[in-house]
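First the structure, in the form of structure tokens, and then the observations on it.
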Amino acid sequence: MDKKKVMVLDDEEDFLKIAKINLESTGKYEVMTMSDGRDILSRVKSFHPDVILMDILMPKIDGVEVCQMLNEDTAGKKIPIIALSALDTDKDKLMMYKLGVVDFLTKPIEIDELISKIEKALEYK
């Protein structure tokens with residue numbers, strides 16, 4: 001069985017390390033981490049992720065801008081995105097769903113819930 005490719009975009013280095021270790025330890029995922037979304041399109045074209053996990057609040061380019069960039073790209077708009085955020089308002093969730101995210105997780109995130117959401121997003125794809 002081929003491993004599914006998961007791209008994780010978050011400005012918190014500790015979160016990236018923990019997510020990569022936990023997801024890869026299942027033996028089901030190959031994980032690429034990114035702390036900055038500015039080169040998301042080139043990374044998507046080289047890595048070909050099956051799903052993207054993305055923080056909304058990031059300093060240089062936020063999740064909203066990254067979603068817009070992906071939506072305007074032929075390859076990018078086909079990849080399911082799960083939004084991650086410390087924000088937990090209906091307004092924030094609605095905004096991200098309008099941008100095409102398939103799910104939303106509020107930080108702190110439990111690994112079992114994250115894996116469940118990834119599996120659900122992969123079915124969606």
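Labels used: A, B, ... for chains in the order of the structure tokens, numbers from 1 for residues in each chain, and numbers from 1 for ligands as shown.
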
For this session: Name the residues of stretch 62-98 of chain A that come out as strand (DSSP E or B) in a backbone DSSP run; write them as a PyMOL selection string.
Result: chain A and resi 81-85

Exercise. Do you know which residues are at most 9 Å from A:Leu105 counting only C-alpha atoms, after dropping those on the same chain fewer than 4 positions away, and could you put them as number ranges by chain?
Worked result: A: 82-86, 88, 109, 113-114, 117

For this session: Excluding A:His48 and any residue of its chain fewer than 2 positions from it, enumerate the residues within 12 Å of it, using only C-alpha atoms, and give them as a ChimeraX atom specification.
Result: /A:4-7,30-32,40-46,50-52,75-76,78-80

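When the distance limit is 12 Å and only C-alpha atoms are what count, the residues near A:Leu94, minus those fewer than 5 positions from it on the same chain, are Val64, Ala83, Leu87, Asp88, Thr89, Leu99, Gly100, Val101, Val102, Asp103 and Phe104 of chain A.
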
For this session: Would you mind listing what lies within 8 Å of A:Gly27 as a PyMOL selection string, with only C-alpha atoms counted and same-chain residues fewer than 3 positions away left out?
Result: chain A and resi 3+23-24

Would you mind exporting the chosen residues as an mmCIF file, in the first residue's frame, restricted to N, CA and C atoms?
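Everything below was put into out18.cif:
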data_model
loop_
_atom_site.group_PDB
_atom_site.id
_atom_site.type_symbol
_atom_site.label_atom_id
_atom_site.label_comp_id
_atom_site.auth_asym_id
_atom_site.auth_seq_id
_atom_site.Cartn_x
_atom_site.Cartn_y
_atom_site.Cartn_z
ATOM 1 N N LYS A 3 2.045 4.977 0.663
ATOM 2 C CA LYS A 3 1.813 5.962 1.718
ATOM 3 C C LYS A 3 1.165 7.189 1.105
ATOM 4 N N LEU A 23 2.486 11.358 12.562
ATOM 5 C CA LEU A 23 1.861 10.852 11.340
ATOM 6 C C LEU A 23 2.727 9.780 10.674
ATOM 7 N N GLU A 24 4.034 10.011 10.598
ATOM 8 C CA GLU A 24 4.901 9.029 9.952
ATOM 9 C C GLU A 24 5.026 7.747 10.766
#

Problem set entry | Secondary structure check, helix (DSSP H, G or I) residues of stretch 17-69 of chain A, as a PyMOL selection string | chain A and resi 17-24+40-47+63-69

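Nearest-residue note for A:Pro59: choosing from A:Thr106, A:Thr26, A:Asn71, A:Ser35, the minimum distance belongs to A:Ser35, counting only C-alpha atoms.
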
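Of the listed residues (A:Asp11, A:Thr33, A:Cys67, A:Ile18), A:Cys67 comes nearest to A:Lys98; the distances count only C-alpha atoms.
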
Problem set entry | Contacts of A:Ile61 within 12 Å, only C-alpha atoms, excl. fewer than 2 positions in-chain, as a PyMOL selection string | chain A and resi 9-11+35-40+54-59+63-69

Next, write the just-selected residues to a file, as a short mmCIF file (atom, residue, chain, number, x, y, z; two decimals), in the first residue's frame, keeping N, CA and C atoms as the atom set.
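The file below, part.cif, is the result:
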data_model
loop_
_atom_site.label_atom_id
_atom_site.label_comp_id
_atom_site.auth_asym_id
_atom_site.auth_seq_id
_atom_site.Cartn_x
_atom_site.Cartn_y
_atom_site.Cartn_z
N LEU A 9 1.57 22.78 6.87
CA LEU A 9 2.03 24.17 6.81
C LEU A 9 1.64 24.88 8.09
N ASP A 10 2.65 25.26 8.88
CA ASP A 10 2.40 25.91 10.17
C ASP A 10 3.66 26.68 10.55
N ASP A 11 3.52 27.82 11.20
CA ASP A 11 4.69 28.60 11.59
C ASP A 11 5.27 28.15 12.93
N SER A 35 7.15 25.90 7.04
CA SER A 35 6.84 26.92 8.04
C SER A 35 6.43 28.25 7.41
N ASP A 36 6.44 28.29 6.08
CA ASP A 36 6.11 29.51 5.36
C ASP A 36 5.39 29.12 4.07
N GLY A 37 4.28 29.79 3.77
CA GLY A 37 3.48 29.42 2.61
C GLY A 37 3.85 30.09 1.31
N ARG A 38 4.90 30.91 1.31
CA ARG A 38 5.22 31.68 0.11
C ARG A 38 5.56 30.81 -1.10
N ASP A 39 6.17 29.65 -0.87
CA ASP A 39 6.51 28.79 -2.02
C ASP A 39 5.63 27.54 -2.08
N ILE A 40 4.39 27.69 -1.62
CA ILE A 40 3.46 26.56 -1.57
C ILE A 40 3.24 25.93 -2.95
N MET A 54 -3.15 23.01 7.21
CA MET A 54 -2.64 24.37 7.15
C MET A 54 -3.16 25.25 8.27
N ASP A 55 -2.22 25.89 8.95
CA ASP A 55 -2.56 26.88 9.96
C ASP A 55 -3.14 28.12 9.28
N ILE A 56 -4.08 28.76 9.91
CA ILE A 56 -4.68 29.97 9.34
C ILE A 56 -3.81 31.19 9.66
N LEU A 57 -3.37 31.30 10.92
CA LEU A 57 -2.61 32.48 11.34
C LEU A 57 -1.11 32.22 11.22
N MET A 58 -0.52 32.84 10.22
CA MET A 58 0.93 32.75 10.04
C MET A 58 1.44 34.14 9.69
N PRO A 59 2.69 34.44 10.03
CA PRO A 59 3.18 35.82 9.89
C PRO A 59 3.36 36.33 8.47
N GLY A 63 -3.12 31.67 6.07
CA GLY A 63 -3.84 30.56 5.46
C GLY A 63 -4.86 30.98 4.43
N VAL A 64 -5.47 32.14 4.63
CA VAL A 64 -6.43 32.65 3.65
C VAL A 64 -5.74 32.89 2.31
N GLU A 65 -4.59 33.56 2.35
CA GLU A 65 -3.85 33.83 1.12
C GLU A 65 -3.37 32.54 0.45
N VAL A 66 -2.92 31.59 1.27
CA VAL A 66 -2.46 30.30 0.72
C VAL A 66 -3.61 29.58 0.05
N CYS A 67 -4.78 29.57 0.69
CA CYS A 67 -5.96 28.94 0.07
C CYS A 67 -6.29 29.60 -1.27
N GLN A 68 -6.23 30.91 -1.31
CA GLN A 68 -6.53 31.62 -2.55
C GLN A 68 -5.52 31.24 -3.64
N MET A 69 -4.25 31.14 -3.28
CA MET A 69 -3.22 30.75 -4.24
C MET A 69 -3.49 29.34 -4.76
#
